[in-house]
Amino acid sequence: MDILESKCINNFKYIEKLRNGSNLLGFSGGSDSVALFYALVAQDVAFDIAIVDYGVRAQSKSEVSYAKQLAKAHNKKCFVSLAPSFESNFECLARNFRYEFFENLIHTHHYTHLILAHHFNDRFEWFLMQLSRGVGMRNLLGFNGIEKREGYEIIRPMLWITKSEILRFCKECDLKFFIDESNTDERIARNFIRAHFSDAFVQRFSAGLVRSFEILQEEKELFFACENKDYGAFIVYAPTNEIQALDCIDVYCKKMGYMISSKQRKEILKRHFDCEIGGGKSNKKGFIIAKCNDKLIIAKQNHQCKPNQHNPNQSSLQSNLQAQSSPKLPNDFKDLMRQHKIPPRLRGVFYRYILAQNLSFVEFLRILSL
């Protein structure tokens, strides 16, 4: 069967968006990524592929070889990374390694989209896993079809397609793919849930489940909608309650490539939204969190503010800013900060921004509506 004749291909989402971007496909050689590969080719979407060899299965070399063959046959670049040996917590460390590999490629080659082959069974599987752990509405529904990250977007064209539909698509179109035998190891929680609960449930009730998730997604977006404005060095939110405030932090950090833990969420609440998370000694992807009057502000640690392009003294300001990554605040500025109840954690961030934009303090307050 010609791929375009398959009914399944009509359910792939965001094709027009992908046609207008520069795309990298996360590839594995399994049925999901193979189906997505051929669907994108059939619908004239330009993309390259990236695959990770974890070296833990004998067939991983064959999967990499297949990825290279497909890429060559369809005139695409194929990026390969050999992962180090992970002694423990394999799934988490492997995921972190994979995403770091993808992000490095995205920033180096200026891709605008990372395409992933998650499907509806993956989403329902996640739902059941999170339900068993005790989480709120935001984390129950898991990933979205489109997720904004720093400098690119994650696109999941198959998020509303079931696993059985994907396998039928591969069979109809006679597509070669590999089966990862580690997915049958029920010592891994997600495999146990898949084998005993999720796949059979989706198989029997797929239409109602898909519709339920569509409704829940709409309700979640309404519930968590929060006015905000991004200033680059920091972002200002106007949440109406603590749940919404936590969600703003969660979404923003995730967009920046950092996942906050349940322990960090508890710490944020305990400290009344006045703390720093992430970073560690290297301050990599660290964030400052503070409440300022009725606003929630999240700032990047050690962020280099960009001078105002319309400022005639841009070069001298840039030198000033680089010399003052941890600036000493003038006394009159500190007095104004105290008068307006600006939290100490934010004062250095705001001072660097004011310098970069060549603003007066009054102008700055007016911009923020503080």
# chains A, B, ... in the order shown; residues from 1 in each chain; ligands from 1

call {"tool": "select_by_dssp", "arguments": {"residues": "stretch 9-212 of chain A", "states": "strand (DSSP E or B)", "output": "list in words"}}
result
Asn23, Leu24, Leu25, Gly26, Asp48, Ile49, Ala50, Ile51, Val52, Asp53, Cys78, Phe79, Val80, Ser81, Leu82, His113, Leu114, Ile115, Ile146, Glu147, Lys148, Arg149, Tyr152, Glu153, Ile154 and Ile155 of chain A

call {"tool": "residues_around", "arguments": {"residues": "A:Val236", "least_positions_apart": "4", "cutoff": "10 Å", "atoms": "only C-alpha atoms", "output": "PDB file with all heavy atoms, in the first residue's frame"}}
result
ATOM      1  N   GLU A 227      -1.639  35.195  33.100  1.00  0.00           N
ATOM      2  CA  GLU A 227      -1.053  36.335  32.400  1.00  0.00           C
ATOM      3  C   GLU A 227       0.433  36.429  32.728  1.00  0.00           C
ATOM      4  O   GLU A 227       0.846  36.257  33.880  1.00  0.00           O
ATOM      5  CB  GLU A 227      -1.762  37.614  32.842  1.00  0.00           C
ATOM      6  CG  GLU A 227      -1.270  38.866  32.134  1.00  0.00           C
ATOM      7  CD  GLU A 227      -1.947  40.130  32.650  1.00  0.00           C
ATOM      8  OE1 GLU A 227      -2.909  40.000  33.435  1.00  0.00           O
ATOM      9  OE2 GLU A 227      -1.494  41.220  32.281  1.00  0.00           O
ATOM     10  N   ASN A 228       1.241  36.672  31.703  1.00  0.00           N
ATOM     11  CA  ASN A 228       2.683  36.767  31.949  1.00  0.00           C
ATOM     12  C   ASN A 228       3.354  37.625  30.891  1.00  0.00           C
ATOM     13  O   ASN A 228       2.783  37.876  29.825  1.00  0.00           O
ATOM     14  CB  ASN A 228       3.322  35.372  31.973  1.00  0.00           C
ATOM     15  CG  ASN A 228       3.276  34.694  30.621  1.00  0.00           C
ATOM     16  OD1 ASN A 228       4.128  34.932  29.769  1.00  0.00           O
ATOM     17  ND2 ASN A 228       2.273  33.858  30.391  1.00  0.00           N
ATOM     18  N   LYS A 229       4.561  38.063  31.213  1.00  0.00           N
ATOM     19  CA  LYS A 229       5.375  38.801  30.248  1.00  0.00           C
ATOM     20  C   LYS A 229       6.834  38.430  30.451  1.00  0.00           C
ATOM     21  O   LYS A 229       7.336  38.448  31.581  1.00  0.00           O
ATOM     22  CB  LYS A 229       5.186  40.313  30.395  1.00  0.00           C
ATOM     23  CG  LYS A 229       5.903  41.092  29.285  1.00  0.00           C
ATOM     24  CD  LYS A 229       5.451  42.523  29.172  1.00  0.00           C
ATOM     25  CE  LYS A 229       6.122  43.219  28.002  1.00  0.00           C
ATOM     26  NZ  LYS A 229       5.730  44.635  27.890  1.00  0.00           N
ATOM     27  N   ASP A 230       7.491  38.084  29.352  1.00  0.00           N
ATOM     28  CA  ASP A 230       8.875  37.619  29.398  1.00  0.00           C
ATOM     29  C   ASP A 230       9.812  38.771  29.038  1.00  0.00           C
ATOM     30  O   ASP A 230       9.706  39.351  27.960  1.00  0.00           O
ATOM     31  CB  ASP A 230       9.050  36.464  28.416  1.00  0.00           C
ATOM     32  CG  ASP A 230      10.365  35.715  28.621  1.00  0.00           C
ATOM     33  OD1 ASP A 230      11.283  36.274  29.251  1.00  0.00           O
ATOM     34  OD2 ASP A 230      10.471  34.583  28.144  1.00  0.00           O
ATOM     35  N   TYR A 231      10.751  39.090  29.951  1.00  0.00           N
ATOM     36  CA  TYR A 231      11.704  40.173  29.725  1.00  0.00           C
ATOM     37  C   TYR A 231      13.104  39.649  29.376  1.00  0.00           C
ATOM     38  O   TYR A 231      14.061  40.412  29.360  1.00  0.00           O
ATOM     39  CB  TYR A 231      11.787  41.068  30.969  1.00  0.00           C
ATOM     40  CG  TYR A 231      10.510  41.828  31.237  1.00  0.00           C
ATOM     41  CD1 TYR A 231       9.496  41.253  32.003  1.00  0.00           C
ATOM     42  CD2 TYR A 231      10.294  43.099  30.718  1.00  0.00           C
ATOM     43  CE1 TYR A 231       8.311  41.937  32.247  1.00  0.00           C
ATOM     44  CE2 TYR A 231       9.112  43.780  30.951  1.00  0.00           C
ATOM     45  CZ  TYR A 231       8.123  43.196  31.715  1.00  0.00           C
ATOM     46  OH  TYR A 231       6.957  43.863  31.940  1.00  0.00           O
ATOM     47  N   CYS A 248       3.269  27.744  36.973  1.00  0.00           N
ATOM     48  CA  CYS A 248       4.075  28.702  36.202  1.00  0.00           C
ATOM     49  C   CYS A 248       5.559  28.361  36.314  1.00  0.00           C
ATOM     50  O   CYS A 248       6.290  28.380  35.313  1.00  0.00           O
ATOM     51  CB  CYS A 248       3.831  30.120  36.712  1.00  0.00           C
ATOM     52  SG  CYS A 248       2.183  30.763  36.391  1.00  0.00           S
ATOM     53  N   LYS A 291       8.356  36.426  45.073  1.00  0.00           N
ATOM     54  CA  LYS A 291       7.102  37.147  44.922  1.00  0.00           C
ATOM     55  C   LYS A 291       7.370  38.629  45.139  1.00  0.00           C
ATOM     56  O   LYS A 291       8.078  39.012  46.064  1.00  0.00           O
ATOM     57  CB  LYS A 291       6.068  36.644  45.924  1.00  0.00           C
ATOM     58  CG  LYS A 291       5.288  35.434  45.421  1.00  0.00           C
ATOM     59  CD  LYS A 291       4.052  35.181  46.248  1.00  0.00           C
ATOM     60  CE  LYS A 291       3.158  34.129  45.597  1.00  0.00           C
ATOM     61  NZ  LYS A 291       1.942  33.873  46.390  1.00  0.00           N
ATOM     62  N   CYS A 292       6.774  39.437  44.274  1.00  0.00           N
ATOM     63  CA  CYS A 292       6.969  40.881  44.357  1.00  0.00           C
ATOM     64  C   CYS A 292       5.587  41.516  44.282  1.00  0.00           C
ATOM     65  O   CYS A 292       4.971  41.553  43.219  1.00  0.00           O
ATOM     66  CB  CYS A 292       7.860  41.339  43.215  1.00  0.00           C
ATOM     67  SG  CYS A 292       8.468  43.004  43.387  1.00  0.00           S
ATOM     68  N   LYS A 295       2.852  39.820  42.164  1.00  0.00           N
ATOM     69  CA  LYS A 295       3.437  39.156  41.010  1.00  0.00           C
ATOM     70  C   LYS A 295       4.404  38.050  41.448  1.00  0.00           C
ATOM     71  O   LYS A 295       5.016  38.124  42.511  1.00  0.00           O
ATOM     72  CB  LYS A 295       4.193  40.169  40.146  1.00  0.00           C
ATOM     73  CG  LYS A 295       3.366  41.346  39.637  1.00  0.00           C
ATOM     74  CD  LYS A 295       2.340  40.926  38.618  1.00  0.00           C
ATOM     75  CE  LYS A 295       1.755  42.117  37.869  1.00  0.00           C
ATOM     76  NZ  LYS A 295       1.115  43.118  38.737  1.00  0.00           N
ATOM     77  N   LEU A 296       4.521  37.035  40.593  1.00  0.00           N
ATOM     78  CA  LEU A 296       5.529  35.998  40.762  1.00  0.00           C
ATOM     79  C   LEU A 296       6.600  36.238  39.704  1.00  0.00           C
ATOM     80  O   LEU A 296       6.290  36.386  38.518  1.00  0.00           O
ATOM     81  CB  LEU A 296       4.914  34.611  40.568  1.00  0.00           C
ATOM     82  CG  LEU A 296       5.910  33.445  40.509  1.00  0.00           C
ATOM     83  CD1 LEU A 296       6.538  33.201  41.878  1.00  0.00           C
ATOM     84  CD2 LEU A 296       5.234  32.175  39.999  1.00  0.00           C
ATOM     85  N   ILE A 297       7.859  36.288  40.133  1.00  0.00           N
ATOM     86  CA  ILE A 297       8.952  36.552  39.200  1.00  0.00           C
ATOM     87  C   ILE A 297       9.948  35.403  39.239  1.00  0.00           C
ATOM     88  O   ILE A 297      10.374  34.964  40.311  1.00  0.00           O
ATOM     89  CB  ILE A 297       9.643  37.886  39.524  1.00  0.00           C
ATOM     90  CG1 ILE A 297       8.626  39.031  39.355  1.00  0.00           C
ATOM     91  CG2 ILE A 297      10.853  38.113  38.616  1.00  0.00           C
ATOM     92  CD1 ILE A 297       9.140  40.390  39.729  1.00  0.00           C
ATOM     93  N   ILE A 298      10.288  34.916  38.061  1.00  0.00           N
ATOM     94  CA  ILE A 298      11.305  33.872  37.929  1.00  0.00           C
ATOM     95  C   ILE A 298      12.431  34.437  37.083  1.00  0.00           C
ATOM     96  O   ILE A 298      12.207  34.950  35.979  1.00  0.00           O
ATOM     97  CB  ILE A 298      10.738  32.612  37.242  1.00  0.00           C
ATOM     98  CG1 ILE A 298       9.445  32.153  37.927  1.00  0.00           C
ATOM     99  CG2 ILE A 298      11.773  31.486  37.266  1.00  0.00           C
ATOM    100  CD1 ILE A 298       8.737  31.042  37.187  1.00  0.00           C
ATOM    101  N   ALA A 299      13.645  34.369  37.606  1.00  0.00           N
ATOM    102  CA  ALA A 299      14.809  34.926  36.903  1.00  0.00           C
ATOM    103  C   ALA A 299      15.854  33.835  36.701  1.00  0.00           C
ATOM    104  O   ALA A 299      16.002  32.937  37.521  1.00  0.00           O
ATOM    105  CB  ALA A 299      15.409  36.082  37.696  1.00  0.00           C
ATOM    106  N   LEU A 368       6.914  47.179  34.671  1.00  0.00           N
ATOM    107  CA  LEU A 368       6.497  45.963  35.393  1.00  0.00           C
ATOM    108  C   LEU A 368       5.153  46.111  36.060  1.00  0.00           C
ATOM    109  O   LEU A 368       4.585  45.126  36.522  1.00  0.00           O
ATOM    110  CB  LEU A 368       7.535  45.624  36.470  1.00  0.00           C
ATOM    111  CG  LEU A 368       8.925  45.197  36.011  1.00  0.00           C
ATOM    112  CD1 LEU A 368       9.766  44.798  37.199  1.00  0.00           C
ATOM    113  CD2 LEU A 368       8.858  44.049  35.031  1.00  0.00           C
TER     114      LEU A 368
END

call {"tool": "closest_residue", "arguments": {"among": "A:Phe223, A:Phe177, A:Phe364, A:Phe169", "to": "A:Phe12", "atoms": "only C-alpha atoms"}}
result
A:Phe169

call {"tool": "residues_around", "arguments": {"residues": "A:Phe350", "least_positions_apart": "2", "cutoff": "10 Å", "atoms": "only C-alpha atoms", "output": "ChimeraX atom specification"}}
result
/A:233-234,299,305,337,342,345-348,352-356,361,364

call {"tool": "write_last_selection", "arguments": {"atoms": "N, CA and C atoms", "output": "compact mmCIF listing (two decimals), in the first residue's frame"}}
result
# COMPACT_ATOMS: atom_id res chain seq x y z
N ALA A 233 15.70 38.28 30.82
CA ALA A 233 16.43 37.94 32.04
C ALA A 233 15.50 37.38 33.11
N PHE A 234 14.22 37.71 33.01
CA PHE A 234 13.24 37.23 33.98
C PHE A 234 11.86 37.26 33.35
N ALA A 299 13.64 34.37 37.61
CA ALA A 299 14.81 34.93 36.90
C ALA A 299 15.85 33.83 36.70
N CYS A 305 22.31 40.13 30.52
CA CYS A 305 21.31 41.00 29.89
C CYS A 305 21.85 41.59 28.60
N MET A 337 14.64 50.17 46.32
CA MET A 337 14.21 48.77 46.34
C MET A 337 13.46 48.45 47.63
N ILE A 342 10.94 45.36 47.02
CA ILE A 342 11.51 44.44 46.05
C ILE A 342 12.36 43.42 46.80
N ARG A 345 16.57 39.01 46.57
CA ARG A 345 17.04 38.10 45.53
C ARG A 345 16.94 38.70 44.13
N LEU A 346 16.01 39.64 43.95
CA LEU A 346 15.75 40.18 42.62
C LEU A 346 16.51 41.47 42.34
N ARG A 347 17.10 42.05 43.34
CA ARG A 347 17.66 43.39 43.15
C ARG A 347 18.80 43.44 42.15
N GLY A 348 19.71 42.47 42.22
CA GLY A 348 20.81 42.44 41.26
C GLY A 348 20.32 42.18 39.85
N ARG A 352 20.82 44.98 36.75
CA ARG A 352 21.49 44.70 35.47
C ARG A 352 20.55 44.98 34.30
N TYR A 353 19.27 44.66 34.49
CA TYR A 353 18.30 44.90 33.41
C TYR A 353 18.12 46.40 33.17
N ILE A 354 18.03 47.17 34.25
CA ILE A 354 17.87 48.62 34.13
C ILE A 354 19.07 49.24 33.41
N LEU A 355 20.28 48.78 33.76
CA LEU A 355 21.47 49.26 33.07
C LEU A 355 21.43 48.91 31.58
N ALA A 356 21.07 47.67 31.29
CA ALA A 356 21.08 47.21 29.91
C ALA A 356 20.08 47.97 29.05
N PHE A 361 14.65 54.07 37.33
CA PHE A 361 13.94 53.13 38.19
C PHE A 361 12.43 53.31 38.07
N PHE A 364 11.25 51.68 34.97
CA PHE A 364 11.29 50.23 35.15
C PHE A 364 10.05 49.74 35.91

call {"tool": "select_by_dssp", "arguments": {"residues": "stretch 52-169 of chain A", "states": "helix (DSSP H, G or I)", "output": "PyMOL selection string"}}
result
chain A and resi 60-73+90-109+120-133+137-141+163-169

call {"tool": "residues_around", "arguments": {"residues": "stretch 18-22 of chain A", "least_positions_apart": "3", "cutoff": "6 Å", "atoms": "only C-alpha atoms", "output": "ChimeraX atom specification"}}
result
/A:15,45,111-112

call {"tool": "residues_around", "arguments": {"residues": "stretch 144-149 of chain A", "least_positions_apart": "3", "cutoff": "8 Å", "atoms": "only C-alpha atoms", "output": "NGL selection string"}}
result
:A and (152-157 or 159 or 254-257)

call {"tool": "write_last_selection", "arguments": {"atoms": "all heavy atoms", "output": "compact mmCIF listing (two decimals), in the first residue's frame"}}
result
# COMPACT_ATOMS: atom_id res chain seq x y z
N TYR A 152 13.57 26.48 20.70
CA TYR A 152 12.97 25.52 19.77
C TYR A 152 11.66 25.00 20.35
O TYR A 152 11.28 25.33 21.48
CB TYR A 152 13.92 24.36 19.50
CG TYR A 152 14.14 23.42 20.67
CD1 TYR A 152 13.46 22.20 20.75
CD2 TYR A 152 15.02 23.72 21.71
CE1 TYR A 152 13.65 21.34 21.81
CE2 TYR A 152 15.23 22.86 22.76
CZ TYR A 152 14.54 21.66 22.82
OH TYR A 152 14.72 20.81 23.88
N GLU A 153 10.95 24.17 19.57
CA GLU A 153 9.72 23.55 20.02
C GLU A 153 9.80 22.03 19.86
O GLU A 153 10.38 21.54 18.88
CB GLU A 153 8.51 24.05 19.21
CG GLU A 153 8.14 25.49 19.48
CD GLU A 153 6.93 25.91 18.64
OE1 GLU A 153 6.88 25.55 17.45
OE2 GLU A 153 6.05 26.60 19.19
N ILE A 154 9.23 21.31 20.81
CA ILE A 154 9.05 19.87 20.66
C ILE A 154 7.70 19.65 20.00
O ILE A 154 6.69 20.20 20.43
CB ILE A 154 9.11 19.15 22.02
CG1 ILE A 154 10.51 19.24 22.62
CG2 ILE A 154 8.69 17.69 21.87
CD1 ILE A 154 10.64 18.62 24.00
N ILE A 155 7.67 18.85 18.95
CA ILE A 155 6.44 18.54 18.22
C ILE A 155 6.21 17.03 18.27
O ILE A 155 7.12 16.25 17.96
CB ILE A 155 6.52 18.98 16.74
CG1 ILE A 155 6.93 20.45 16.63
CG2 ILE A 155 5.19 18.72 16.05
CD1 ILE A 155 5.89 21.44 17.04
N ARG A 156 5.00 16.64 18.66
CA ARG A 156 4.63 15.21 18.72
C ARG A 156 3.45 14.96 17.77
O ARG A 156 2.30 14.99 18.19
CB ARG A 156 4.28 14.81 20.16
CG ARG A 156 5.45 14.98 21.13
CD ARG A 156 5.05 14.54 22.54
NE ARG A 156 6.19 14.55 23.45
CZ ARG A 156 6.53 15.58 24.22
NH1 ARG A 156 5.80 16.70 24.19
NH2 ARG A 156 7.57 15.50 25.02
N PRO A 157 3.70 14.65 16.50
CA PRO A 157 2.63 14.52 15.52
C PRO A 157 1.70 13.33 15.75
O PRO A 157 0.60 13.29 15.21
CB PRO A 157 3.39 14.35 14.19
CG PRO A 157 4.76 14.89 14.45
CD PRO A 157 5.02 14.56 15.88
N LEU A 159 0.58 12.10 18.78
CA LEU A 159 0.11 12.03 20.16
C LEU A 159 -1.32 11.53 20.29
O LEU A 159 -1.71 11.01 21.33
CB LEU A 159 0.25 13.41 20.83
CG LEU A 159 0.20 13.41 22.36
CD1 LEU A 159 1.25 12.48 22.96
CD2 LEU A 159 0.39 14.81 22.91
N LYS A 254 10.68 23.91 32.76
CA LYS A 254 10.66 22.86 31.74
C LYS A 254 11.01 23.44 30.38
O LYS A 254 11.74 22.84 29.59
CB LYS A 254 9.29 22.20 31.70
CG LYS A 254 9.23 20.95 30.83
CD LYS A 254 7.87 20.30 30.95
CE LYS A 254 7.80 19.03 30.12
NZ LYS A 254 6.47 18.39 30.20
N LYS A 255 10.48 24.63 30.10
CA LYS A 255 10.78 25.31 28.85
C LYS A 255 12.28 25.59 28.73
O LYS A 255 12.86 25.55 27.64
CB LYS A 255 10.00 26.63 28.78
CG LYS A 255 10.23 27.45 27.53
CD LYS A 255 9.43 28.74 27.60
CE LYS A 255 9.74 29.64 26.41
NZ LYS A 255 9.02 30.93 26.51
N MET A 256 12.93 25.85 29.87
CA MET A 256 14.36 26.11 29.89
C MET A 256 15.20 24.84 29.97
O MET A 256 16.42 24.88 30.10
CB MET A 256 14.70 27.00 31.11
CG MET A 256 14.11 28.39 31.06
SD MET A 256 14.75 29.37 29.69
CE MET A 256 13.27 29.51 28.69
N GLY A 257 14.52 23.66 29.92
CA GLY A 257 15.23 22.39 29.93
C GLY A 257 15.53 21.86 31.30
O GLY A 257 16.43 21.02 31.48

call {"tool": "closest_residue", "arguments": {"among": "A:Phe79, A:Phe86, A:Phe97, A:Phe47", "to": "A:Leu114", "atoms": "only C-alpha atoms"}}
result
A:Phe47

call {"tool": "closest_residue", "arguments": {"among": "A:Asp44, A:Leu82, A:Asn75, A:Arg57", "to": "A:Ile179", "atoms": "only C-alpha atoms"}}
result
A:Arg57

call {"tool": "decode", "arguments": {"residues": "stretch 45-55 of chain A", "atoms": "all heavy atoms", "output": "compact mmCIF listing (two decimals), in the first residue's frame"}}
result
# COMPACT_ATOMS: atom_id res chain seq x y z
N VAL A 45 7.84 16.69 4.39
CA VAL A 45 8.43 17.44 5.51
C VAL A 45 9.93 17.19 5.51
O VAL A 45 10.38 16.04 5.54
CB VAL A 45 7.82 17.01 6.86
CG1 VAL A 45 8.55 17.70 8.02
CG2 VAL A 45 6.34 17.32 6.91
N ALA A 46 10.72 18.25 5.47
CA ALA A 46 12.17 18.12 5.50
C ALA A 46 12.64 17.92 6.94
O ALA A 46 12.17 18.61 7.85
CB ALA A 46 12.82 19.37 4.91
N PHE A 47 13.57 16.99 7.15
CA PHE A 47 14.08 16.74 8.50
C PHE A 47 15.36 15.92 8.43
O PHE A 47 15.67 15.30 7.41
CB PHE A 47 13.03 15.99 9.34
CG PHE A 47 12.69 14.61 8.83
CD1 PHE A 47 13.31 13.47 9.36
CD2 PHE A 47 11.75 14.44 7.82
CE1 PHE A 47 13.00 12.22 8.89
CE2 PHE A 47 11.42 13.17 7.34
CZ PHE A 47 12.05 12.05 7.88
N ASP A 48 16.11 15.94 9.52
CA ASP A 48 17.25 15.06 9.73
C ASP A 48 16.93 14.18 10.93
O ASP A 48 15.95 14.41 11.64
CB ASP A 48 18.52 15.87 9.96
CG ASP A 48 18.91 16.69 8.74
OD1 ASP A 48 18.84 16.16 7.62
OD2 ASP A 48 19.25 17.88 8.91
N ILE A 49 17.76 13.17 11.18
CA ILE A 49 17.47 12.26 12.29
C ILE A 49 18.65 12.15 13.24
O ILE A 49 19.80 12.39 12.88
CB ILE A 49 17.05 10.86 11.79
CG1 ILE A 49 18.21 10.15 11.07
CG2 ILE A 49 15.84 10.95 10.88
CD1 ILE A 49 17.87 8.71 10.69
N ALA A 50 18.32 11.78 14.49
CA ALA A 50 19.35 11.59 15.52
C ALA A 50 19.00 10.34 16.31
O ALA A 50 17.84 10.12 16.67
CB ALA A 50 19.41 12.80 16.44
N ILE A 51 19.99 9.50 16.58
CA ILE A 51 19.77 8.25 17.30
C ILE A 51 20.87 8.06 18.33
O ILE A 51 22.03 8.43 18.10
CB ILE A 51 19.72 7.05 16.32
CG1 ILE A 51 19.37 5.75 17.06
CG2 ILE A 51 21.00 6.92 15.52
CD1 ILE A 51 19.07 4.58 16.12
N VAL A 52 20.51 7.49 19.48
CA VAL A 52 21.47 7.20 20.55
C VAL A 52 21.68 5.69 20.65
O VAL A 52 20.71 4.93 20.66
CB VAL A 52 20.97 7.73 21.92
CG1 VAL A 52 21.94 7.35 23.03
CG2 VAL A 52 20.80 9.25 21.86
N ASP A 53 22.92 5.28 20.70
CA ASP A 53 23.28 3.88 20.93
C ASP A 53 23.68 3.73 22.39
O ASP A 53 24.72 4.22 22.80
CB ASP A 53 24.43 3.47 20.01
CG ASP A 53 24.84 2.01 20.18
OD1 ASP A 53 24.22 1.31 21.00
OD2 ASP A 53 25.79 1.59 19.49
N TYR A 54 22.81 3.08 23.17
CA TYR A 54 23.10 2.90 24.60
C TYR A 54 24.02 1.71 24.86
O TYR A 54 24.50 1.54 25.98
CB TYR A 54 21.79 2.74 25.38
CG TYR A 54 20.91 3.95 25.31
CD1 TYR A 54 19.78 3.98 24.50
CD2 TYR A 54 21.23 5.10 26.04
CE1 TYR A 54 18.98 5.12 24.42
CE2 TYR A 54 20.44 6.23 25.95
CZ TYR A 54 19.31 6.23 25.15
OH TYR A 54 18.53 7.36 25.06
N GLY A 55 24.23 0.87 23.87
CA GLY A 55 25.16 -0.23 23.98
C GLY A 55 24.77 -1.32 24.95
O GLY A 55 25.63 -2.09 25.39
